[in-house]
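Novice: A single structure is presented below for examination.
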Amino acid sequence: MSEIRCEICPHHCLIPEGKTGRCRARRNRDGVNVPANYGKLTGIAVDPVEKKPLKHFYPGAKILSVGSFGCNLSCPFCQNHPISMHGENEVRTVEYSPQELAELACRIPENLGIAFTYNEPLISWEYLIETAELVKKEEKKIVAVTNGCVEPGTLEKILPYTDAMNIDLKGDEVFYRELGGDYETVRNTIREAAKSCHVEVTTLVVPGKNDSTGWIETQAEWLSEVNPEIVLHLSRYFPNYRYTIPPTEKEKLHEMKAAAEKHLKYVYLGNVW
């Protein structure tokens with residue numbers, strides 16, 4: 001049986017015949033790298049676009065949100081771990097071809113388009129593109145909510161079809177090693193995406209992991225150099241999955257917001273009420 005090397009993300013998994021890589025979504029089928037989760041949806045809903053979160057992309061609009069299973073990171077605080085941390089035999093799915101999903105998106109009154117979210121959408125880039133090709137004929141928008149941990153070659157394929165991205169910026173190099181990601185890869189994704197589509201960035205602030213005001217100010221300064229119009233979301237963490245760290249203090253979020261606003265015009269707090 002032949003093995004293949006997956007080049008979609010920095011893990012570069014060596015996948016045996018019939019098996020999947022770390023993400024659980026790329027399979028070696030007869031020596032070909034295929035998305036095991038193609039058209040297999042675990043979640044489908046109509047949401048306000050602000051929930052993605054996107055604050056400056058058609059505010060007030062609603063968007064069809066869909067997701068599948070699998071992720072190439074292993075965040076121990078993932079709120080969607082029942083689907084992102086499992087494979088196709090461990091989740092319940094419903095199948096939608098690109099044509100069926102496009103037709104659904106176009107049937108919903110005043111629907112902005114489709115947001116690929118809930119799990120990591122870029123690991124099954126073929127489904128995103130083939131659906132986008134159909135809905136764009138009807139002038140619908142495509143949104144990707146992503147961890148940004150994708151190789152430049154994959155990103156280059158996706159960007160021409162993508163109107164907006166919300167990209168996670170989870171922490172520094174040390175924190176990304178814990179999560180199984182790569183800090184510089186994510187920064188490159190933000191930099192390249194900002195050249196061709198609307199970009200907003202989200203940092204889930206986890207106490208003791210990425211809650212340094214100095215760090216967030218440095219990131220905000222860098223983001224302002226990429227594009228001063230980039231929106232930054234600082235989201236409050238709550239215990240989930242494998243993390244039992246107490247929730248982020250609201251005062252800490254406000255402190256970090258003030259630091260980020262030294263460089264960015266648009267900084268918003270999330271999960272604060």
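Residues are named by chain letter and number: chains run A, B, ... in the order of the structure tokens, numbers start at 1 in each chain, and ligands are numbered from 1 in the order shown.
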Do you know which residues are at most 12 Å from Gly70 in chain A counting only C-alpha atoms, after dropping those on the same chain fewer than 4 positions away, and could you put them as a ChimeraX atom specification?
Specialist: /A:20-27,35-38,40-42,74,78,80-91,117-124
Novice: Would you kindly return, as a list in words, each protein, DNA or RNA residue with an atom no farther than 9 Å from any atom of Arg242 in chain A, considering only C-alpha atoms and excluding same-chain residues fewer than 4 positions away?
Specialist: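 Listing them by chain and then by number gives Cys75, Pro76, Phe77 and Cys78 of chain A.
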Novice: Write out as a VMD selection string all residues of range 102-266 of chain A that DSSP puts in strand (DSSP E) for this structure's backbone.
Specialist: chain A and resid 111 to 116 141 to 146 164 to 168 198 to 205 231 to 236
Novice: Which of these, A:Glu251, A:Glu217, A:Glu200, A:Glu126, has the shortest distance to Ile230 in chain A once you count only C-alpha atoms?
Specialist: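 Under the stated criterion, the closest residue is A:Glu200.
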Novice: List every residue of range 14-107 of chain A that DSSP, applied to the backbone of this structure, places in alpha helix (DSSP H), and write the result as a PyMOL selection string.
Specialist: chain A and resi 81-84+98-107
Novice: Save out the residues we just selected, all heavy atoms, as a compact mmCIF listing (two decimals), in the first residue's frame.
Specialist:
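See result-v2.txt below for the written result:
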# COMPACT_ATOMS: atom_id res chain seq x y z
N HIS A 81 -15.57 20.72 19.98
CA HIS A 81 -14.81 19.47 19.98
C HIS A 81 -15.61 18.22 19.62
O HIS A 81 -15.04 17.27 19.08
CB HIS A 81 -14.09 19.28 21.32
CG HIS A 81 -15.01 19.13 22.50
ND1 HIS A 81 -15.48 17.91 22.92
CD2 HIS A 81 -15.53 20.06 23.34
CE1 HIS A 81 -16.27 18.09 23.98
NE2 HIS A 81 -16.32 19.37 24.24
N PRO A 82 -16.95 18.17 19.86
CA PRO A 82 -17.67 16.95 19.45
C PRO A 82 -17.63 16.69 17.95
O PRO A 82 -17.83 15.54 17.52
CB PRO A 82 -19.10 17.22 19.93
CG PRO A 82 -18.95 18.17 21.08
CD PRO A 82 -17.81 19.07 20.65
N ILE A 83 -17.37 17.72 17.14
CA ILE A 83 -17.24 17.50 15.70
C ILE A 83 -15.81 17.72 15.21
O ILE A 83 -15.34 16.99 14.35
CB ILE A 83 -18.21 18.38 14.89
CG1 ILE A 83 -18.01 19.87 15.18
CG2 ILE A 83 -19.65 17.97 15.15
CD1 ILE A 83 -18.81 20.79 14.28
N SER A 84 -15.11 18.70 15.77
CA SER A 84 -13.77 19.02 15.26
C SER A 84 -12.75 17.96 15.65
O SER A 84 -11.78 17.73 14.91
CB SER A 84 -13.32 20.38 15.79
OG SER A 84 -13.14 20.35 17.19
N PRO A 98 -22.46 20.16 -3.49
CA PRO A 98 -22.35 21.60 -3.72
C PRO A 98 -23.60 22.19 -4.36
O PRO A 98 -24.03 23.28 -3.99
CB PRO A 98 -21.13 21.71 -4.65
CG PRO A 98 -20.29 20.54 -4.27
CD PRO A 98 -21.27 19.44 -3.98
N GLN A 99 -24.19 21.48 -5.30
CA GLN A 99 -25.41 21.96 -5.96
C GLN A 99 -26.56 22.09 -4.97
O GLN A 99 -27.28 23.10 -4.96
CB GLN A 99 -25.81 21.01 -7.08
CG GLN A 99 -27.02 21.45 -7.89
CD GLN A 99 -26.76 22.69 -8.71
OE1 GLN A 99 -25.72 22.80 -9.36
NE2 GLN A 99 -27.68 23.65 -8.69
N GLU A 100 -26.74 21.10 -4.11
CA GLU A 100 -27.82 21.13 -3.12
C GLU A 100 -27.61 22.26 -2.11
O GLU A 100 -28.57 22.94 -1.73
CB GLU A 100 -27.92 19.78 -2.41
CG GLU A 100 -28.45 18.67 -3.31
CD GLU A 100 -28.30 17.30 -2.69
OE1 GLU A 100 -27.34 17.09 -1.90
OE2 GLU A 100 -29.14 16.43 -2.98
N LEU A 101 -26.37 22.44 -1.68
CA LEU A 101 -26.10 23.50 -0.71
C LEU A 101 -26.29 24.87 -1.34
O LEU A 101 -26.85 25.78 -0.72
CB LEU A 101 -24.68 23.36 -0.15
CG LEU A 101 -24.32 24.33 0.98
CD1 LEU A 101 -25.27 24.20 2.16
CD2 LEU A 101 -22.87 24.11 1.43
N ALA A 102 -25.85 25.02 -2.57
CA ALA A 102 -26.02 26.30 -3.28
C ALA A 102 -27.50 26.61 -3.47
O ALA A 102 -27.94 27.76 -3.28
CB ALA A 102 -25.32 26.24 -4.63
N GLU A 103 -28.28 25.61 -3.82
CA GLU A 103 -29.72 25.82 -3.99
C GLU A 103 -30.38 26.23 -2.68
O GLU A 103 -31.25 27.10 -2.66
CB GLU A 103 -30.37 24.56 -4.55
CG GLU A 103 -29.99 24.28 -6.00
CD GLU A 103 -30.50 22.94 -6.50
OE1 GLU A 103 -31.09 22.19 -5.69
OE2 GLU A 103 -30.31 22.64 -7.70
N LEU A 104 -29.96 25.59 -1.58
CA LEU A 104 -30.51 25.96 -0.29
C LEU A 104 -30.16 27.41 0.05
O LEU A 104 -31.02 28.18 0.50
CB LEU A 104 -29.97 25.04 0.79
CG LEU A 104 -30.37 25.36 2.23
CD1 LEU A 104 -31.89 25.32 2.40
CD2 LEU A 104 -29.69 24.39 3.21
N ALA A 105 -28.91 27.79 -0.16
CA ALA A 105 -28.48 29.16 0.14
C ALA A 105 -29.28 30.18 -0.65
O ALA A 105 -29.60 31.26 -0.14
CB ALA A 105 -26.99 29.31 -0.15
N CYS A 106 -29.63 29.83 -1.87
CA CYS A 106 -30.35 30.77 -2.73
C CYS A 106 -31.85 30.79 -2.45
O CYS A 106 -32.53 31.75 -2.83
CB CYS A 106 -30.09 30.43 -4.20
SG CYS A 106 -28.37 30.70 -4.70
N ARG A 107 -32.36 29.75 -1.78
CA ARG A 107 -33.79 29.72 -1.44
C ARG A 107 -34.10 30.54 -0.20
O ARG A 107 -35.25 30.97 -0.01
CB ARG A 107 -34.25 28.28 -1.20
CG ARG A 107 -34.42 27.44 -2.44
CD ARG A 107 -35.33 26.25 -2.18
NE ARG A 107 -34.89 25.45 -1.05
CZ ARG A 107 -34.06 24.41 -1.14
NH1 ARG A 107 -33.56 24.08 -2.33
NH2 ARG A 107 -33.74 23.70 -0.08
Novice: Considering only C-alpha atoms, state which residue in the set A:Pro53, A:Gly171, A:Pro16, A:Gly60 is at the smallest distance from Gln219 in chain A.
Specialist: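 Closest to Gln219 in chain A of all the choices is A:Gly171.
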Novice: Which polymer residues have any atom within 8 Å of an atom of Lys141 in chain A, counting only C-alpha atoms, with same-chain residues fewer than 4 positions away left out, as a list in words?
Specialist: Leu112, Gly113, Ile114, Val135, Lys136, Thr162 and Asp163 of chain A
Novice: What would the file look like if the residues just selected were written as an mmCIF file, in the first residue's frame with all heavy atoms?
Specialist:
data_model
loop_
_atom_site.group_PDB
_atom_site.id
_atom_site.type_symbol
_atom_site.label_atom_id
_atom_site.label_comp_id
_atom_site.auth_asym_id
_atom_site.auth_seq_id
_atom_site.Cartn_x
_atom_site.Cartn_y
_atom_site.Cartn_z
ATOM 1 N N LEU A 112 -27.273 36.300 2.786
ATOM 2 C CA LEU A 112 -26.049 36.878 2.250
ATOM 3 C C LEU A 112 -25.229 35.869 1.457
ATOM 4 O O LEU A 112 -24.602 36.210 0.455
ATOM 5 C CB LEU A 112 -25.199 37.441 3.404
ATOM 6 C CG LEU A 112 -23.874 38.111 3.042
ATOM 7 C CD1 LEU A 112 -24.109 39.334 2.155
ATOM 8 C CD2 LEU A 112 -23.131 38.515 4.323
ATOM 9 N N GLY A 113 -25.210 34.628 1.905
ATOM 10 C CA GLY A 113 -24.403 33.614 1.236
ATOM 11 C C GLY A 113 -24.168 32.433 2.150
ATOM 12 O O GLY A 113 -25.070 31.999 2.871
ATOM 13 N N ILE A 114 -22.936 31.907 2.149
ATOM 14 C CA ILE A 114 -22.600 30.732 2.951
ATOM 15 C C ILE A 114 -21.349 31.013 3.762
ATOM 16 O O ILE A 114 -20.338 31.492 3.235
ATOM 17 C CB ILE A 114 -22.357 29.492 2.067
ATOM 18 C CG1 ILE A 114 -23.592 29.176 1.218
ATOM 19 C CG2 ILE A 114 -21.995 28.284 2.930
ATOM 20 C CD1 ILE A 114 -23.387 28.026 0.236
ATOM 21 N N VAL A 135 -22.698 29.448 -6.021
ATOM 22 C CA VAL A 135 -23.445 30.527 -5.376
ATOM 23 C C VAL A 135 -23.007 31.902 -5.863
ATOM 24 O O VAL A 135 -23.799 32.846 -5.856
ATOM 25 C CB VAL A 135 -23.366 30.460 -3.831
ATOM 26 C CG1 VAL A 135 -23.973 29.177 -3.311
ATOM 27 C CG2 VAL A 135 -21.945 30.636 -3.338
ATOM 28 N N LYS A 136 -21.773 32.006 -6.314
ATOM 29 C CA LYS A 136 -21.313 33.305 -6.800
ATOM 30 C C LYS A 136 -22.009 33.707 -8.103
ATOM 31 O O LYS A 136 -22.099 34.896 -8.418
ATOM 32 C CB LYS A 136 -19.790 33.311 -6.950
ATOM 33 C CG LYS A 136 -19.087 33.463 -5.606
ATOM 34 C CD LYS A 136 -17.607 33.652 -5.758
ATOM 35 C CE LYS A 136 -17.010 34.119 -4.437
ATOM 36 N NZ LYS A 136 -17.509 35.439 -4.016
ATOM 37 N N THR A 162 -13.288 33.641 -1.937
ATOM 38 C CA THR A 162 -13.646 34.012 -0.573
ATOM 39 C C THR A 162 -13.808 35.519 -0.445
ATOM 40 O O THR A 162 -12.927 36.282 -0.828
ATOM 41 C CB THR A 162 -12.564 33.516 0.416
ATOM 42 O OG1 THR A 162 -12.337 32.121 0.198
ATOM 43 C CG2 THR A 162 -13.009 33.726 1.849
ATOM 44 N N ASP A 163 -14.942 35.933 0.111
ATOM 45 C CA ASP A 163 -15.228 37.359 0.277
ATOM 46 C C ASP A 163 -14.824 37.883 1.644
ATOM 47 O O ASP A 163 -14.523 39.068 1.792
ATOM 48 C CB ASP A 163 -16.725 37.613 0.059
ATOM 49 C CG ASP A 163 -17.164 37.230 -1.341
ATOM 50 O OD1 ASP A 163 -16.833 37.965 -2.278
ATOM 51 O OD2 ASP A 163 -17.814 36.172 -1.499
#
Novice: Check which residues of range 189-209 of chain A sit at most 9 Å from range 221-226 of chain A using only C-alpha atoms, and return one row each with the closest pair of atoms and their distance in Å to one decimal, ordered by chain and rising number, as a Markdown table.
Specialist:
| residue | atom | partner | partner_atom | distance |
| --- | --- | --- | --- | --- |
| A:Ile190 | CA | A:Val226 | CA | 8.3 |
| A:Arg191 | CA | A:Val226 | CA | 6.1 |
| A:Ala194 | CA | A:Val226 | CA | 7.3 |
| A:Lys195 | CA | A:Val226 | CA | 8.7 |
Novice: May I ask which of the residues A:Glu139, A:Glu130, A:Glu3, A:Glu249 is the closest one to Gly39 in chain A, counting only C-alpha atoms?
Specialist: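 Using only C-alpha atoms, Gly39 in chain A sits closest to A:Glu130.
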Novice: So the first atom is CA of Trp215 in chain A and the second is CA of Pro59 in chain A; what is the distance between them in Å, to one decimal place?
Specialist: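 Answer for the CA of Trp215 in chain A to CA of Pro59 in chain A separation: 29.4 Å.
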Novice: Give the answer as one residue: which of A:His56, A:Lys250, A:Arg187, A:His263 has the shortest atom-to-atom distance to Val206 in chain A, using only C-alpha atoms?
Specialist: A:Lys250
Novice: Do a neighbour search on Ile8 in chain A at 8 Å with only C-alpha atoms, toss out local chain neighbours closer than 2 positions, and write the hits as a VMD selection string.
Specialist: chain A and resid 6 10 12 123 150 to 151 153 to 154
Novice: Just all heavy atoms for this one: save the residues we selected as a PDB file, in the first residue's frame.
Specialist:
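Output below, filename result.pdb:
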ATOM      1  N   CYS A   6       0.498  14.675   2.619  1.00  0.00           N
ATOM      2  CA  CYS A   6      -0.495  15.750   2.506  1.00  0.00           C
ATOM      3  C   CYS A   6       0.216  17.091   2.625  1.00  0.00           C
ATOM      4  O   CYS A   6       0.982  17.317   3.562  1.00  0.00           O
ATOM      5  CB  CYS A   6      -1.561  15.620   3.584  1.00  0.00           C
ATOM      6  SG  CYS A   6      -2.869  16.867   3.478  1.00  0.00           S
ATOM      7  N   PRO A  10       0.666  22.723   7.538  1.00  0.00           N
ATOM      8  CA  PRO A  10       2.070  22.529   7.929  1.00  0.00           C
ATOM      9  C   PRO A  10       2.402  21.166   8.533  1.00  0.00           C
ATOM     10  O   PRO A  10       3.587  20.837   8.668  1.00  0.00           O
ATOM     11  CB  PRO A  10       2.309  23.648   8.944  1.00  0.00           C
ATOM     12  CG  PRO A  10       1.303  24.688   8.630  1.00  0.00           C
ATOM     13  CD  PRO A  10       0.095  23.934   8.165  1.00  0.00           C
ATOM     14  N   HIS A  12       1.948  18.272   7.181  1.00  0.00           N
ATOM     15  CA  HIS A  12       2.487  17.428   6.111  1.00  0.00           C
ATOM     16  C   HIS A  12       2.385  15.951   6.476  1.00  0.00           C
ATOM     17  O   HIS A  12       3.371  15.205   6.401  1.00  0.00           O
ATOM     18  CB  HIS A  12       3.932  17.798   5.797  1.00  0.00           C
ATOM     19  CG  HIS A  12       4.074  19.156   5.193  1.00  0.00           C
ATOM     20  ND1 HIS A  12       5.303  19.758   4.970  1.00  0.00           N
ATOM     21  CD2 HIS A  12       3.148  20.058   4.760  1.00  0.00           C
ATOM     22  CE1 HIS A  12       5.122  20.942   4.431  1.00  0.00           C
ATOM     23  NE2 HIS A  12       3.819  21.144   4.295  1.00  0.00           N
ATOM     24  N   ILE A 123      -9.459  22.641   5.385  1.00  0.00           N
ATOM     25  CA  ILE A 123      -8.909  21.310   5.142  1.00  0.00           C
ATOM     26  C   ILE A 123      -9.728  20.557   4.094  1.00  0.00           C
ATOM     27  O   ILE A 123      -9.257  19.565   3.539  1.00  0.00           O
ATOM     28  CB  ILE A 123      -8.812  20.480   6.447  1.00  0.00           C
ATOM     29  CG1 ILE A 123     -10.156  20.438   7.186  1.00  0.00           C
ATOM     30  CG2 ILE A 123      -7.713  21.016   7.346  1.00  0.00           C
ATOM     31  CD1 ILE A 123     -10.146  19.579   8.432  1.00  0.00           C
ATOM     32  N   VAL A 150      -2.824  26.950   7.394  1.00  0.00           N
ATOM     33  CA  VAL A 150      -2.930  26.357   6.065  1.00  0.00           C
ATOM     34  C   VAL A 150      -1.707  26.778   5.249  1.00  0.00           C
ATOM     35  O   VAL A 150      -1.180  27.883   5.413  1.00  0.00           O
ATOM     36  CB  VAL A 150      -4.248  26.811   5.392  1.00  0.00           C
ATOM     37  CG1 VAL A 150      -4.289  28.323   5.208  1.00  0.00           C
ATOM     38  CG2 VAL A 150      -4.471  26.112   4.065  1.00  0.00           C
ATOM     39  N   GLU A 151      -1.262  25.881   4.393  1.00  0.00           N
ATOM     40  CA  GLU A 151      -0.096  26.186   3.573  1.00  0.00           C
ATOM     41  C   GLU A 151      -0.442  27.229   2.504  1.00  0.00           C
ATOM     42  O   GLU A 151      -1.583  27.311   2.035  1.00  0.00           O
ATOM     43  CB  GLU A 151       0.418  24.913   2.902  1.00  0.00           C
ATOM     44  CG  GLU A 151       1.132  23.963   3.847  1.00  0.00           C
ATOM     45  CD  GLU A 151       2.517  24.444   4.239  1.00  0.00           C
ATOM     46  OE1 GLU A 151       2.651  25.597   4.706  1.00  0.00           O
ATOM     47  OE2 GLU A 151       3.475  23.663   4.104  1.00  0.00           O
ATOM     48  N   GLY A 153       0.033  27.398  -0.639  1.00  0.00           N
ATOM     49  CA  GLY A 153      -0.528  26.860  -1.878  1.00  0.00           C
ATOM     50  C   GLY A 153      -2.012  26.585  -1.775  1.00  0.00           C
ATOM     51  O   GLY A 153      -2.773  26.817  -2.731  1.00  0.00           O
ATOM     52  N   THR A 154      -2.455  26.082  -0.627  1.00  0.00           N
ATOM     53  CA  THR A 154      -3.882  25.843  -0.404  1.00  0.00           C
ATOM     54  C   THR A 154      -4.628  27.158  -0.297  1.00  0.00           C
ATOM     55  O   THR A 154      -5.705  27.337  -0.889  1.00  0.00           O
ATOM     56  CB  THR A 154      -4.088  25.023   0.885  1.00  0.00           C
ATOM     57  OG1 THR A 154      -3.268  23.858   0.854  1.00  0.00           O
ATOM     58  CG2 THR A 154      -5.545  24.611   1.035  1.00  0.00           C
TER      59      THR A 154
END
Novice: Which residues come within 9 Å of range 208-213 of chain A, counting only C-alpha atoms, excluding same-chain residues fewer than 5 positions away, as a list in words?
Specialist: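 After dropping sequence-adjacent residues, the list is Lys170, Gly171, Asp172, Phe175, Thr203, Thr218, Ile245, Thr248, Lys252, Leu253, Glu255, Met256, Lys257, Ala258, Ala259 and Ala260 of chain A.
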Novice: Please produce an output containing C-alpha atoms for each residue in the selection, written as a PDB file, in the first residue's frame.
Specialist:
ATOM      1  CA  LYS A 170      -4.491  32.158  19.174  1.00  0.00           C
ATOM      2  CA  GLY A 171      -1.225  33.111  20.847  1.00  0.00           C
ATOM      3  CA  ASP A 172       2.549  33.134  20.536  1.00  0.00           C
ATOM      4  CA  PHE A 175       1.066  28.435  22.745  1.00  0.00           C
ATOM      5  CA  THR A 203      -8.173  35.954  19.833  1.00  0.00           C
ATOM      6  CA  THR A 218       2.448  43.823  19.675  1.00  0.00           C
ATOM      7  CA  ILE A 245      -8.792  27.106  33.750  1.00  0.00           C
ATOM      8  CA  THR A 248     -11.159  35.216  31.730  1.00  0.00           C
ATOM      9  CA  LYS A 252      -8.365  41.734  31.853  1.00  0.00           C
ATOM     10  CA  LEU A 253     -10.294  41.878  28.564  1.00  0.00           C
ATOM     11  CA  GLU A 255      -7.190  46.098  29.724  1.00  0.00           C
ATOM     12  CA  MET A 256      -6.187  44.182  26.597  1.00  0.00           C
ATOM     13  CA  LYS A 257      -8.725  46.071  24.497  1.00  0.00           C
ATOM     14  CA  ALA A 258      -7.208  49.379  25.583  1.00  0.00           C
ATOM     15  CA  ALA A 259      -3.735  48.121  24.673  1.00  0.00           C
ATOM     16  CA  ALA A 260      -4.867  46.949  21.222  1.00  0.00           C
TER      17      ALA A 260
END
Novice: Find the spatial neighbours of Asn188 in chain A, counting only C-alpha atoms, within a cut-off of 8 Å - ignore same-chain residues fewer than 4 positions away - and output them as a compact mmCIF listing (two decimals) with all heavy atoms, in the first residue's frame.
Specialist:
# COMPACT_ATOMS: atom_id res chain seq x y z
N PRO A 152 0.53 28.04 2.09
CA PRO A 152 0.26 29.09 1.10
C PRO A 152 -0.36 28.58 -0.20
O PRO A 152 -1.22 29.24 -0.78
CB PRO A 152 1.65 29.69 0.85
CG PRO A 152 2.40 29.45 2.12
CD PRO A 152 1.92 28.12 2.61
N GLU A 184 3.73 31.44 12.70
CA GLU A 184 4.10 32.18 11.49
C GLU A 184 3.21 31.82 10.30
O GLU A 184 2.93 32.66 9.44
CB GLU A 184 5.57 31.96 11.15
CG GLU A 184 6.53 32.66 12.10
CD GLU A 184 6.31 34.18 12.17
OE1 GLU A 184 5.87 34.76 11.16
OE2 GLU A 184 6.59 34.77 13.22
N GLU A 192 -1.80 37.47 3.75
CA GLU A 192 -2.18 37.22 2.36
C GLU A 192 -3.69 37.41 2.15
O GLU A 192 -4.11 37.95 1.13
CB GLU A 192 -1.76 35.81 1.95
CG GLU A 192 -0.25 35.62 1.88
CD GLU A 192 0.42 36.63 0.97
OE1 GLU A 192 -0.04 36.80 -0.18
OE2 GLU A 192 1.41 37.27 1.40
Novice: So which one's closest to Lys262 in chain A, A:Val145, A:Tyr161, A:Ser97, A:Gly214? Using only C-alpha atoms, please.
Specialist: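 Looking only at the distances to Lys262 in chain A, the closest residue turns out to be A:Gly214.
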Novice: Go ahead and compute the interatomic distance for CA of Lys55 in chain A and CA of Val174 in chain A, in Å to one decimal.
Specialist: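 Going from CA of Lys55 in chain A over to CA of Val174 in chain A covers 29.4 Å.
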Novice: Work out how far CA of Val32 in chain A is from CA of Glu17 in chain A, in Å to one decimal.
Specialist: 8.9 Å
Novice: I want to know what sits within 7 Å of Ala144 in chain A, based on only C-alpha atoms, with residues of the same chain fewer than 5 positions away left out; could you give that as a list in words?
Specialist: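 So the residues in contact are Ala115, Phe116, Thr117, Pro121, Ala164, Met165 and Asn166 of chain A.
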Novice: Write to file, as a PDB file, in the first residue's frame, the residues of the selection just made, with N, CA and C atoms.
Specialist:
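Written out: out-v2.pdb:
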ATOM      1  N   ALA A 115     -21.412  30.680   5.050  1.00  0.00           N
ATOM      2  CA  ALA A 115     -20.242  30.727   5.929  1.00  0.00           C
ATOM      3  C   ALA A 115     -19.819  29.297   6.237  1.00  0.00           C
ATOM      4  N   PHE A 116     -18.585  28.962   5.907  1.00  0.00           N
ATOM      5  CA  PHE A 116     -18.029  27.655   6.236  1.00  0.00           C
ATOM      6  C   PHE A 116     -17.352  27.792   7.594  1.00  0.00           C
ATOM      7  N   THR A 117     -17.880  27.082   8.592  1.00  0.00           N
ATOM      8  CA  THR A 117     -17.517  27.343   9.986  1.00  0.00           C
ATOM      9  C   THR A 117     -17.717  26.064  10.806  1.00  0.00           C
ATOM     10  N   PRO A 121     -12.702  24.722   7.993  1.00  0.00           N
ATOM     11  CA  PRO A 121     -13.200  24.538   6.621  1.00  0.00           C
ATOM     12  C   PRO A 121     -12.123  24.396   5.559  1.00  0.00           C
ATOM     13  N   ALA A 164     -14.839  37.016   2.653  1.00  0.00           N
ATOM     14  CA  ALA A 164     -14.464  37.440   4.005  1.00  0.00           C
ATOM     15  C   ALA A 164     -13.939  36.252   4.789  1.00  0.00           C
ATOM     16  N   MET A 165     -13.022  36.535   5.696  1.00  0.00           N
ATOM     17  CA  MET A 165     -12.504  35.524   6.606  1.00  0.00           C
ATOM     18  C   MET A 165     -12.470  36.076   8.021  1.00  0.00           C
ATOM     19  N   ASN A 166     -12.819  35.226   8.961  1.00  0.00           N
ATOM     20  CA  ASN A 166     -12.437  35.485  10.344  1.00  0.00           C
ATOM     21  C   ASN A 166     -11.363  34.471  10.676  1.00  0.00           C
TER      22      ASN A 166
END
